[in-house]
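start37.cif, holding mmCIF, C-alpha atoms and all ligand atoms:
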data_work
#
loop_
_atom_site.label_atom_id
_atom_site.label_comp_id
_atom_site.auth_asym_id
_atom_site.auth_seq_id
_atom_site.Cartn_x
_atom_site.Cartn_y
_atom_site.Cartn_z
CA MET A 1 56.92 -11.65 22.52
CA GLU A 2 57.98 -8.21 23.75
CA LEU A 3 56.05 -6.61 20.89
CA THR A 4 52.95 -8.66 21.78
CA ARG A 5 53.23 -7.44 25.38
CA GLN A 6 53.55 -3.84 24.24
CA ILE A 7 50.52 -4.12 21.97
CA ALA A 8 48.47 -5.81 24.71
CA ALA A 9 49.36 -3.04 27.15
CA LYS A 10 48.09 -0.41 24.70
CA LEU A 11 44.81 -2.19 23.85
CA ARG A 12 41.91 -1.18 26.02
CA ILE A 13 40.15 -4.45 26.85
CA ASP A 14 37.38 -3.05 28.98
CA GLY A 15 34.09 -4.57 30.06
CA TYR A 16 32.41 -3.40 26.87
CA ALA A 17 34.98 -5.10 24.64
CA ARG A 18 34.53 -8.37 26.57
CA ARG A 19 30.77 -8.12 26.35
CA GLU A 20 31.05 -7.45 22.62
CA HIS A 21 32.79 -10.80 22.11
CA THR A 22 29.81 -12.60 23.64
CA VAL A 23 27.37 -10.43 21.67
CA MET A 24 29.04 -11.19 18.34
CA TRP A 25 29.31 -14.90 19.17
CA ARG A 26 25.57 -14.97 19.88
CA VAL A 27 24.48 -13.02 16.77
CA GLY A 28 27.04 -15.01 14.75
CA GLN A 29 24.64 -17.92 15.28
CA ILE A 30 22.66 -16.47 12.37
CA GLU A 31 25.63 -16.86 10.02
CA ARG A 32 26.54 -20.31 11.33
CA SER A 33 23.10 -21.90 11.22
CA GLY A 34 21.79 -19.93 8.26
CA LEU A 35 18.20 -19.53 7.14
CA ARG A 36 16.11 -22.05 5.25
CA VAL A 37 14.80 -20.66 1.97
CA ASP A 38 11.75 -21.67 -0.05
CA ILE A 39 13.63 -22.35 -3.28
CA ASP A 40 10.56 -23.42 -5.28
CA ALA A 41 8.73 -20.24 -4.33
CA ALA A 42 11.80 -18.12 -5.15
CA GLU A 43 12.08 -19.71 -8.61
CA GLN A 44 8.37 -19.34 -9.16
CA ARG A 45 8.52 -15.67 -8.26
CA ILE A 46 11.46 -15.01 -10.55
CA GLU A 47 9.62 -16.74 -13.38
CA ALA A 48 6.44 -14.77 -12.65
CA GLN A 49 8.35 -11.51 -12.45
CA ARG A 50 9.99 -12.27 -15.77
CA ARG A 51 6.55 -12.75 -17.32
CA LEU A 52 5.41 -9.41 -15.87
CA LEU A 53 8.54 -7.74 -17.22
CA ASP A 54 7.91 -9.17 -20.71
CA ARG A 55 4.38 -7.82 -20.56
CA ASP A 56 5.68 -4.39 -19.49
CA PHE A 57 8.23 -4.29 -22.32
CA GLN A 58 5.49 -5.14 -24.81
CA ARG A 59 3.45 -2.25 -23.42
CA LEU A 60 6.49 0.01 -23.80
CA ARG A 61 6.78 -1.05 -27.43
CA ASP A 62 3.06 -0.35 -28.00
CA ILE A 63 3.10 3.04 -26.27
CA ALA A 64 6.47 4.41 -27.36
CA GLY A 65 7.58 2.21 -30.25
CA VAL A 66 10.67 0.99 -28.39
CA PRO A 67 12.25 -1.85 -30.43
CA LEU A 68 12.48 -4.95 -28.19
CA ARG A 69 16.12 -5.96 -28.49
CA GLY A 70 18.44 -7.17 -25.70
CA LYS A 71 17.82 -7.27 -21.96
CA ALA A 72 17.15 -3.56 -21.43
CA PRO A 73 15.72 -2.19 -24.70
CA HIS A 74 14.70 1.08 -23.03
CA LEU A 75 18.37 1.86 -22.28
CA GLN A 76 19.65 1.34 -25.83
CA ALA A 77 20.08 4.29 -28.19
CA ALA A 78 17.09 3.39 -30.38
CA GLY A 79 14.92 2.84 -27.29
CA LYS A 80 15.93 6.12 -25.72
CA ALA A 81 15.28 8.04 -28.91
CA ALA A 82 11.80 6.49 -29.19
CA ILE A 83 10.99 7.35 -25.58
CA ALA A 84 12.20 10.96 -25.93
CA ALA A 85 10.16 11.38 -29.12
CA THR A 86 7.05 10.00 -27.39
CA PHE A 87 7.40 12.46 -24.50
CA GLN A 88 7.61 15.28 -27.05
CA ARG A 89 4.59 13.98 -28.93
CA LEU A 90 2.71 14.01 -25.58
CA GLY A 91 3.60 17.67 -25.17
CA VAL A 92 6.30 17.51 -22.46
CA ASP A 93 10.06 17.95 -22.49
CA PRO A 94 11.78 14.59 -21.87
CA PRO A 95 13.54 14.48 -18.45
CA ARG A 96 17.28 15.12 -18.85
CA THR A 97 20.37 14.56 -16.73
CA LYS A 98 22.72 17.50 -16.12
CA LYS A 99 24.74 16.40 -19.12
CA GLY A 100 21.67 16.32 -21.32
CA ALA A 101 21.10 12.56 -21.59
CA LEU A 102 17.61 11.10 -21.16
CA ALA A 103 16.99 10.61 -17.41
CA LEU A 104 14.98 7.49 -16.57
CA ASN A 105 15.73 7.19 -12.84
CA GLN A 106 12.83 6.89 -10.40
CA GLU A 107 13.25 10.44 -9.08
CA ALA A 108 13.19 12.09 -12.51
CA LEU A 109 10.17 10.02 -13.49
CA SER A 110 8.13 10.81 -10.39
CA GLN A 111 8.89 14.52 -10.77
CA LEU A 112 7.55 14.41 -14.29
CA VAL A 113 4.26 12.93 -13.06
CA GLU A 114 4.03 15.56 -10.33
CA HIS A 115 4.39 18.35 -12.88
CA HIS A 116 1.87 16.86 -15.33
CA PRO A 117 -0.78 15.19 -13.17
CA GLY A 118 -3.54 15.49 -15.78
CA ASN A 119 -1.56 14.17 -18.77
CA THR A 120 -2.74 10.54 -18.97
CA GLY A 121 -0.35 9.67 -21.80
CA VAL A 122 2.65 10.81 -19.76
CA ASN A 123 1.35 9.00 -16.70
CA GLU A 124 0.99 5.77 -18.62
CA LEU A 125 4.48 6.02 -20.12
CA VAL A 126 6.06 6.86 -16.76
CA ASP A 127 4.22 3.95 -15.12
CA VAL A 128 5.63 1.43 -17.56
CA LEU A 129 9.12 2.98 -17.44
CA GLN A 130 9.09 2.69 -13.65
CA LYS A 131 8.09 -0.96 -13.91
CA VAL A 132 10.82 -1.93 -16.37
CA GLY A 133 13.38 0.03 -14.33
CA ARG A 134 12.87 -2.06 -11.20
CA GLN A 135 16.01 -3.32 -9.48
CA ARG A 136 17.10 -6.94 -9.12
CA THR A 137 14.41 -8.75 -7.15
CA PHE A 138 14.85 -10.14 -3.67
CA ALA A 139 14.22 -13.69 -4.92
CA GLU A 140 17.16 -13.38 -7.35
CA THR A 141 19.43 -12.04 -4.62
CA VAL A 142 18.48 -14.86 -2.28
CA LEU A 143 19.07 -17.58 -4.89
CA LYS A 144 22.47 -16.11 -5.70
CA HIS A 145 23.57 -16.83 -2.13
CA VAL A 146 21.81 -20.14 -1.53
CA SER A 147 23.71 -23.32 -0.74
CA HIS A 148 21.55 -26.48 -0.59
CA ASP A 149 18.38 -24.97 0.81
CA ARG A 150 19.90 -22.30 3.06
CA VAL A 151 21.55 -18.91 2.98
CA HIS A 152 24.23 -18.00 5.51
CA PRO A 153 24.15 -14.22 5.58
CA ALA A 154 27.15 -12.24 6.82
CA ILE A 155 26.45 -10.61 10.20
CA ARG A 156 28.54 -7.53 10.98
CA ALA A 157 28.52 -4.67 13.44
CA ASP A 158 30.84 -2.38 11.52
CA GLN A 159 28.85 0.87 11.65
CA ALA A 160 29.89 3.47 14.23
CA THR A 161 26.79 2.87 16.32
CA GLY A 162 27.30 -0.89 16.24
CA ARG A 163 24.03 -1.60 14.46
CA ILE A 164 23.86 -5.15 13.16
CA SER A 165 23.93 -5.46 9.37
CA VAL A 166 22.88 -8.53 7.42
CA THR A 167 24.38 -8.95 3.94
CA LYS A 168 24.86 -11.66 1.31
CA PRO A 169 21.91 -11.67 0.89
CA GLY A 170 21.17 -8.16 2.18
CA LEU A 171 18.16 -8.34 4.44
CA THR A 172 18.56 -4.99 6.18
CA THR A 173 16.72 -3.03 3.50
CA MET A 174 13.45 -4.93 3.69
CA GLY A 175 10.53 -2.77 4.75
CA LYS A 176 7.25 -3.64 6.36
CA ARG A 177 5.32 -0.73 4.86
CA GLU A 178 5.14 -1.83 1.24
CA ARG A 179 2.94 -4.59 0.01
CA GLN A 180 5.52 -6.17 -2.32
CA LEU A 181 8.29 -6.00 0.26
CA VAL A 182 6.34 -7.74 3.01
CA LEU A 183 5.60 -10.58 0.64
CA GLU A 184 9.29 -11.10 -0.12
CA ARG A 185 9.67 -12.36 3.42
CA ALA A 186 7.61 -15.41 2.43
CA LEU A 187 10.83 -16.89 1.01
CA ILE A 188 12.34 -17.20 4.49
CA LEU A 189 11.25 -20.40 6.29
CA PRO A 190 11.62 -21.98 9.73
CA ASP A 191 14.33 -24.67 10.02
CA THR A 192 11.88 -27.54 9.40
CA ASP A 193 8.18 -27.93 8.73
CA ASP A 194 7.78 -28.90 12.40
CA GLU A 195 8.95 -25.46 13.41
CA VAL A 196 7.60 -21.90 13.09
CA LEU A 197 9.21 -18.48 13.00
CA ILE A 198 8.53 -16.17 15.91
CA ALA A 199 9.40 -12.47 15.66
CA ALA A 200 9.51 -9.64 18.17
CA ASP A 201 10.02 -5.95 17.46
CA LEU A 202 11.38 -3.49 20.02
CA SER A 203 8.98 -0.54 20.45
CA GLN A 204 10.39 2.96 19.78
CA ILE A 205 13.74 1.84 21.13
CA ASP A 206 15.78 4.84 19.87
CA ALA A 207 13.30 7.29 21.41
CA ARG A 208 13.26 5.39 24.71
CA ALA A 209 17.05 5.55 24.79
CA MET A 210 16.96 9.33 24.24
CA ALA A 211 14.36 9.68 27.02
CA VAL A 212 16.59 7.97 29.58
CA LEU A 213 19.78 9.68 28.41
CA SER A 214 18.21 13.13 28.63
CA GLY A 215 16.32 12.38 31.84
CA ASP A 216 13.46 14.54 30.54
CA PRO A 217 10.54 13.74 32.89
CA GLY A 218 7.83 14.65 30.37
CA TYR A 219 9.43 12.59 27.62
CA ILE A 220 9.95 9.62 29.97
CA ARG A 221 6.28 9.81 30.97
CA ALA A 222 5.29 9.19 27.33
CA PHE A 223 6.69 5.65 27.72
CA ALA A 224 4.88 4.77 30.94
CA GLU A 225 2.84 1.52 30.93
CA GLY A 226 -0.54 2.02 29.30
CA GLU A 227 0.51 5.23 27.51
CA ASP A 228 0.42 5.43 23.73
CA TYR A 229 3.67 7.16 22.81
CA HIS A 230 2.46 8.71 19.54
CA SER A 231 -0.73 10.04 21.15
CA ALA A 232 1.38 11.55 23.94
CA MET A 233 3.55 13.24 21.31
CA ALA A 234 0.47 14.52 19.48
CA GLU A 235 -0.73 16.05 22.73
CA ALA A 236 2.66 17.70 23.29
CA LEU A 237 2.63 19.13 19.77
CA PHE A 238 -0.98 20.08 19.18
CA GLY A 239 -2.51 20.22 22.67
CA ALA A 240 -5.11 17.91 24.21
CA HIS A 241 -8.29 19.86 23.53
CA GLU A 242 -9.60 17.55 20.80
CA TRP A 243 -8.58 14.33 22.56
CA ASP A 244 -10.82 12.42 24.99
CA ARG A 245 -7.88 10.14 26.05
CA ALA A 246 -10.07 7.06 25.47
CA GLY A 247 -8.78 6.18 22.00
CA HIS A 248 -5.87 7.50 19.96
CA HIS A 249 -5.19 11.24 19.67
CA PRO A 250 -6.88 12.47 16.45
CA ARG A 251 -3.61 13.97 15.16
CA ARG A 252 -1.49 10.94 16.11
CA SER A 253 -0.23 10.18 12.60
CA GLU A 254 0.83 13.80 11.97
CA ALA A 255 2.76 13.72 15.22
CA LYS A 256 4.46 10.51 14.13
CA VAL A 257 5.98 12.24 11.08
CA VAL A 258 7.14 15.26 13.09
CA VAL A 259 8.67 13.26 15.94
CA HIS A 260 10.36 10.79 13.62
CA ALA A 261 11.87 13.66 11.63
CA THR A 262 13.09 15.62 14.61
CA THR A 263 14.54 12.95 16.90
CA TYR A 264 18.01 13.55 15.52
CA GLY A 265 17.88 17.23 14.76
CA MET A 266 16.24 17.70 11.38
CA GLY A 267 15.85 21.44 10.78
CA ALA A 268 12.70 23.40 9.89
CA LEU A 269 13.33 23.13 6.15
CA GLY A 270 13.81 19.35 6.28
CA LEU A 271 10.75 18.92 8.45
CA SER A 272 8.60 21.07 6.18
CA LYS A 273 9.50 18.77 3.29
CA ALA A 274 9.08 15.53 5.25
CA ALA A 275 5.73 16.49 6.76
CA GLY A 276 4.39 18.49 3.81
CA ILE A 277 3.86 21.67 5.85
CA ASP A 278 5.24 25.20 5.35
CA GLU A 279 8.52 26.18 6.88
CA ASN A 280 7.07 28.58 9.45
CA GLU A 281 4.72 25.92 10.75
CA ALA A 282 7.68 23.50 10.93
CA LYS A 283 9.67 26.08 12.89
CA ARG A 284 6.75 26.56 15.29
CA LEU A 285 6.38 22.79 15.89
CA LEU A 286 10.11 22.36 16.54
CA GLY A 287 10.00 25.24 19.04
CA ARG A 288 7.02 23.66 20.72
CA LEU A 289 8.78 20.30 21.12
CA ASP A 290 11.79 22.02 22.69
CA MET A 291 9.45 23.87 25.05
CA GLN A 292 7.56 20.72 26.03
CA PHE A 293 10.74 18.68 26.54
CA PRO A 294 13.35 21.18 27.74
CA ALA A 295 15.72 18.60 29.24
CA LEU A 296 15.76 16.66 25.95
CA ALA A 297 16.60 19.87 24.08
CA SER A 298 19.40 20.78 26.46
CA TYR A 299 20.77 17.20 26.42
CA LYS A 300 21.12 17.36 22.64
CA ARG A 301 22.89 20.72 23.00
CA VAL A 302 25.30 19.33 25.60
CA ILE A 303 26.33 16.25 23.59
CA ARG A 304 26.78 18.30 20.41
CA GLU A 305 29.18 20.53 22.33
CA GLU A 306 30.94 17.55 23.87
CA ALA A 307 31.29 15.89 20.44
CA GLY A 308 32.70 19.16 19.09
CA ARG A 309 35.34 19.26 21.83
CA LYS A 310 36.35 15.57 21.93
CA GLN A 311 35.15 14.10 18.59
CA VAL A 312 34.19 11.00 20.59
CA LEU A 313 31.10 10.12 22.63
CA ARG A 314 30.56 7.19 24.97
CA THR A 315 27.21 5.41 25.44
CA PRO A 316 26.12 4.40 28.97
CA HIS A 317 27.02 0.78 28.09
CA GLY A 318 30.57 1.92 27.27
CA ARG A 319 30.67 2.01 23.47
CA THR A 320 32.77 4.83 22.05
CA VAL A 321 31.42 6.48 18.92
CA ARG A 322 33.52 8.79 16.77
CA ILE A 323 31.82 11.94 15.43
CA GLU A 324 33.00 13.66 12.24
CA PRO A 325 34.09 17.24 12.92
CA GLY A 326 31.46 19.64 11.60
CA ARG A 327 28.70 17.01 11.66
CA GLU A 328 28.01 17.09 15.40
CA TRP A 329 24.52 18.55 14.93
CA THR A 330 23.01 15.35 13.53
CA GLN A 331 25.67 12.77 14.36
CA ALA A 332 25.94 13.38 18.10
CA PRO A 333 22.28 12.71 19.03
CA ALA A 334 22.12 9.87 16.46
CA ALA A 335 25.24 8.24 17.90
CA MET A 336 23.88 8.32 21.43
CA GLY A 337 20.29 7.38 20.54
CA GLN A 338 21.04 4.66 17.98
CA GLY A 339 24.16 3.45 19.77
CA THR A 340 22.25 3.00 23.03
CA ALA A 341 19.27 1.45 21.24
CA ARG A 342 21.63 -1.12 19.74
CA ASP A 343 23.22 -1.84 23.11
CA LEU A 344 19.76 -2.33 24.66
CA MET A 345 18.82 -4.75 21.92
CA MET A 346 22.02 -6.70 22.55
CA ASP A 347 21.18 -6.73 26.29
CA GLY A 348 18.07 -8.61 25.20
CA ILE A 349 20.09 -11.02 23.03
CA LEU A 350 22.45 -11.69 25.97
CA ARG A 351 19.46 -12.34 28.24
CA LEU A 352 18.09 -15.09 25.95
CA PRO A 353 18.31 -18.56 27.53
CA ASN A 354 20.91 -20.73 25.73
CA TRP A 355 18.40 -23.06 24.07
CA LEU A 356 16.65 -20.05 22.53
CA ALA A 357 19.85 -18.18 21.61
CA SER A 358 20.84 -21.15 19.42
CA ARG A 359 17.54 -20.65 17.54
CA LEU A 360 18.26 -17.03 16.61
CA ARG A 361 17.81 -16.73 12.82
CA LEU A 362 17.70 -12.99 12.02
CA ILE A 363 18.14 -9.50 13.38
CA VAL A 364 16.72 -6.83 11.08
CA HIS A 365 16.38 -3.24 12.30
CA ASP A 366 14.67 -3.55 15.70
CA GLU A 367 13.32 -7.02 15.03
CA VAL A 368 14.51 -10.42 16.25
CA VAL A 369 13.44 -13.64 14.48
CA LEU A 370 13.80 -17.20 15.81
CA SER A 371 12.90 -20.67 14.55
CA VAL A 372 11.24 -22.75 17.29
CA PRO A 373 9.48 -26.14 17.52
CA ARG A 374 5.69 -25.95 17.25
CA ASP A 375 5.21 -27.61 20.63
CA ARG A 376 7.34 -24.95 22.33
CA ILE A 377 5.77 -21.82 20.79
CA ASP A 378 4.29 -20.51 24.05
CA GLU A 379 7.40 -21.26 26.08
CA ALA A 380 9.65 -19.65 23.46
CA SER A 381 7.46 -16.56 23.05
CA THR A 382 7.37 -15.95 26.81
CA ALA A 383 11.12 -16.43 27.13
CA LEU A 384 11.77 -14.13 24.17
CA LEU A 385 9.67 -11.31 25.63
CA ASP A 386 11.22 -11.86 29.08
CA ALA A 387 14.66 -11.40 27.55
CA LEU A 388 13.87 -8.35 25.41
CA GLN A 389 11.81 -6.48 28.01
CA PHE A 390 13.36 -4.93 31.12
CA ASP A 391 13.75 -1.59 32.84
CA PHE A 392 16.69 0.48 31.67
CA SER A 393 18.21 2.95 34.15
CA VAL A 394 21.22 5.24 34.04
CA SER A 395 23.34 6.61 36.85
CA SER A 396 21.46 9.92 36.91
CA GLY A 397 18.47 7.92 38.16
CA SER A 398 16.07 7.98 35.22
CA THR A 399 14.42 4.75 34.14
CA VAL A 400 12.39 3.74 31.12
CA PRO A 401 10.76 0.38 30.32
CA VAL A 402 12.18 -1.37 27.24
CA ARG A 403 9.25 -3.03 25.47
CA ALA A 404 8.75 -5.38 22.50
CA GLY A 405 5.76 -6.49 20.46
CA LEU A 406 5.40 -10.15 19.49
CA SER A 407 4.14 -11.11 16.02
CA ALA A 408 2.03 -14.19 15.29
CA PRO A 409 3.99 -17.47 14.86
CA GLY A 410 4.55 -17.89 11.10
CA ARG A 411 4.84 -20.80 8.64
CA ASP A 412 7.17 -18.37 6.85
CA TRP A 413 8.47 -14.90 7.73
CA ALA A 414 5.70 -12.96 5.91
CA ASP A 415 3.07 -15.07 7.68
CA CYS A 416 4.25 -13.56 11.00
CA TYR A 417 2.70 -10.21 9.98
CA ARG A 418 -0.73 -11.47 8.85
CA ASP A 419 -2.45 -9.67 11.76
CA GLU A 420 -0.41 -6.44 11.46
CA VAL A 421 -0.78 -5.42 7.81
CA PRO A 422 -3.97 -5.15 5.74
CA TRP A 423 -2.85 -7.29 2.77
CA PRO A 424 -4.41 -10.79 2.67
CA GLU A 425 -1.51 -12.43 0.78
CA THR A 426 0.70 -11.87 3.82
CA ALA A 427 -0.97 -14.93 5.35
CA TRP A 428 0.42 -18.34 4.41
CA GLU A 429 -3.15 -19.74 4.24
CA HIS A 430 -4.11 -17.20 1.56
CA ARG A 431 -1.12 -18.08 -0.58
CA GLN A 432 -2.18 -21.75 -0.63
CA GLN A 433 -5.29 -20.81 -2.67
CA ASP A 434 -5.10 -21.21 -6.45
CA SER A 435 -6.60 -17.79 -7.02
CA CYS A 436 -8.32 -14.96 -5.17
CA ASP A 437 -10.72 -12.12 -5.93
CA ASP A 438 -8.51 -9.27 -4.66
CA PRO A 439 -7.41 -7.54 -7.91
CA GLU A 440 -4.53 -5.87 -6.03
CA CYS A 441 -3.18 -9.09 -4.53
CA THR A 442 0.53 -9.14 -5.36
CA TRP A 443 0.80 -12.92 -4.97
CA HIS A 444 -1.95 -14.07 -7.29
CA GLU A 445 -1.27 -11.27 -9.79
CA GLU A 446 2.07 -12.88 -10.50
CA LEU A 447 1.02 -16.51 -10.62
ZN ZN B 501 -4.46 -13.39 -3.47
#
What is this structure when it is put down as structure tokens?
Amino acid sequence: MELTRQIAAKLRIDGYARREHTVMWRVGQIERSGLRVDIDAAEQRIEAQRRLLDRDFQRLRDIAGVPLRGKAPHLQAAGKAAIAATFQRLGVDPPRTKKGALALNQEALSQLVEHHPGNTGVNELVDVLQKVGRQRTFAETVLKHVSHDRVHPAIRADQATGRISVTKPGLTTMGKRERQLVLERALILPDTDDEVLIAADLSQIDARAMAVLSGDPGYIRAFAEGEDYHSAMAEALFGAHEWDRAGHHPRRSEAKVVVHATTYGMGALGLSKAAGIDENEAKRLLGRLDMQFPALASYKRVIREEAGRKQVLRTPHGRTVRIEPGREWTQAPAAMGQGTARDLMMDGILRLPNWLASRLRLIVHDEVVLSVPRDRIDEASTALLDALQFDFSVSSGSTVPVRAGLSAPGRDWADCYRDEVPWPETAWEHRQQDSCDDPECTWHEEL
């Protein structure tokens, strides 16, 4: 009893810790209720992928004479020898690891193609090696964790910044930028056929957090209602002279790369690689950003110094984030930006009305997914946006609007993005067809 009292006296149960209990109870809903999975589709995809893999191995045998034995013939001694000999026959040195073994990882293979762009034989061999080297598919991972027709992923907030991770099956790594990856979301279904999935994505939440924290008036202005953030950044970087302000800034996508790379202190060398520009140009752009947003630049300097002195930073919500000594340069701004972004997202989760909170099915990156009855789609969508969107202010007086974009209601999770990505198979309707005339369609290619 005395020991318990002593421990309790030492624990700091502050407002943030209390709030965190409610947060984790609410996001724990995902683990408790689980997600319904389209098992037939998952099995179909695995079967189809197996057929594709067989076809690719046969191609590998035809091109390089790899004997087809076992599950990974290209990794067996005879297979490796055949591949190395084929590279030599095609006039290139086979890629090697430091120890001299044949290197067949994705990086080594793409480098080889970069160095021999005109060698069609090499390109063909690399293409098939990349295909047979693909990792375990999402469908396999999902089925491994399925019980009845649902998965109950583990929801944790064990990173320093408190970001929510979803594992078993891991859903945090799914991207929206690749055709195959978007389609994998088709395996995730609403609770019943009378329901749909609705999804909302917070807009540039890390950058908005940094704007408020730094109080930089120019940076905050980029998030004003009606402004397009990436166009505003393009203007800051490249000037306005080519932009009529009616549509998007002509150099908007270049600005996107630069801003994304520099938010947390990437240096000139890193930026030159990420943006494909020379190092001097990268240096010039970084200098220009610091000049355009001086308060942001000085805020980053101040928190790096503070992290160096105390090894701990505290977000405005009250989360303490430990910074590794010597890594303040990147970790300090990331801790404050990502830590605050996460807290703002959880503000939204806490603001959900109870009936909607119980329908929370996923949190992935900056996106929230819920399963709602068809006859309550409008009501649920309005309530979801009301919860996620609000003005965020800090004691220094700066304010920025937190904003989210709503996807279309989906018959499955991929279907939610049918209006946002250019690939037709994203739409549930398209996948109901027996065939289609898009030769690149990743759904019908496999069937
Ligand atoms: Zn198709």
- Message: Taking only C-alpha atoms and all ligand atoms into account, which residues have an atom no farther than 9 Å from ligand ZN 501 (chain B)? I'd like them as a ChimeraX atom specification.
- Response: /A:423-425,430-431,433-445
- May I have the residues at most 7 Å from (6.7, -20.0, 3.6) in the file's coordinates, counting all atoms listed in the file, as a list in words?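 The residues near that point, listed by chain and number, are Asp38, Ala186, Leu187, Ile188, Leu189, Arg411, Asp412, Trp413 and Trp428 of chain A.
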- Query: With only C-alpha atoms as the atoms that count, which of A:Leu202, A:Gln159, A:Asp378, A:Ile277 lies nearest to Ala335 of chain A?
  - Reply: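 Of A:Leu202, A:Gln159, A:Asp378, A:Ile277, the one nearest Ala335 of chain A is A:Gln159, counting only C-alpha atoms.
Taking all atoms listed in the file into account, Arg251 of chain A lies nearest to A:Ser231 out of the set A:Asn354, A:Asn280, A:Ser231, A:Ser298.
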- Query: Can you list, as a ChimeraX atom specification, every protein, DNA or RNA residue that comes within 6 Å of Asp391 of chain A when you count only C-alpha atoms, leaving out same-chain residues fewer than 5 positions away?
  - Reply: /A:400-402
Per residue of segment 125-199 of chain A within 8 Å of segment 14-31 of chain A, which atom pair is closest and at what distance in Å (one decimal), using all atoms listed in the file, listed by chain and increasing number, as a tab-separated table?
residue	atom	partner	partner_atom	distance
A:His152	CA	A:Glu31	CA	4.9
A:Pro153	CA	A:Glu31	CA	5.4
A:Ala154	CA	A:Glu31	CA	5.8
A:Ile155	CA	A:Glu31	CA	6.3
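Residues within 12 Å of Val128 of chain A, counting only C-alpha atoms and excluding same-chain residues fewer than 3 positions away, are Leu52, Leu53, Asp54, Arg55, Asp56, Phe57, Gln58, Arg59, Leu60, Arg61, Asp62, Ile63, Ala64, Val66, His74, Ile83, Leu104, Gln106, Leu109, Gly121, Val122, Asn123, Glu124, Leu125, Lys131, Val132, Gly133 and Arg134 of chain A.
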- At what distance in Å, to one decimal, does atom CA of Val142 of chain A lie from atom CA of Asp40 of chain A? 12.0 Å
List the neighbours of Gly162 of chain A out to 10 Å using only C-alpha atoms; skip same-chain residues closer than 4 positions along the sequence, and give me the result as a short mmCIF file (atom, residue, chain, number, x, y, z; two decimals) with C-alpha atoms, keeping the file's coordinate frame.
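For reference, out-v2.cif as written:
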data_model
loop_
_atom_site.label_atom_id
_atom_site.label_comp_id
_atom_site.auth_asym_id
_atom_site.auth_seq_id
_atom_site.Cartn_x
_atom_site.Cartn_y
_atom_site.Cartn_z
CA GLU A 20 31.05 -7.45 22.62
CA ARG A 156 28.54 -7.53 10.98
CA ALA A 157 28.52 -4.67 13.44
CA ASP A 158 30.84 -2.38 11.52
CA ARG A 319 30.67 2.01 23.47
CA THR A 320 32.77 4.83 22.05
CA VAL A 321 31.42 6.48 18.92
CA ALA A 335 25.24 8.24 17.90
CA GLN A 338 21.04 4.66 17.98
CA GLY A 339 24.16 3.45 19.77
CA THR A 340 22.25 3.00 23.03
CA ALA A 341 19.27 1.45 21.24
CA ARG A 342 21.63 -1.12 19.74
CA ASP A 343 23.22 -1.84 23.11
#
- Residue nearest Asp127 of chain A - candidates A:Ser110, A:Thr86, A:Glu140, A:Ala246, atoms counted: all atoms listed in the file: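 Of the candidates, the smallest distance to Asp127 of chain A is held by A:Ser110.
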- Separation of atom CA of Met210 of chain A from atom CA of His230 of chain A in Å: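 Separation between atom CA of His230 of chain A and atom CA of Met210 of chain A: 15.3 Å.
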- Message: Neighbouring residues of Pro409 of chain A were defined as those with any atom within 9 Å, considering only C-alpha atoms; residues of the same chain fewer than 3 positions away were excluded. Please report them as a ChimeraX atom specification.
- Response: /A:196-199,374,377,381,406,412-413,415-417
Can you write out as CSV which residues of segment 349-400 of chain A fall within 10 Å of segment 163-166 of chain A, alongside each residue's closest atom pair and its distance in Å to one decimal, counting only C-alpha atoms and ordering rows by chain and ascending residue number?
residue,atom,partner,partner_atom,distance
A:Leu362,CA,A:Val166,CA,8.2
A:Ile363,CA,A:Ile164,CA,7.2
A:Val364,CA,A:Val166,CA,7.4
A:His365,CA,A:Ile164,CA,7.8
A:Asp366,CA,A:Arg163,CA,9.6
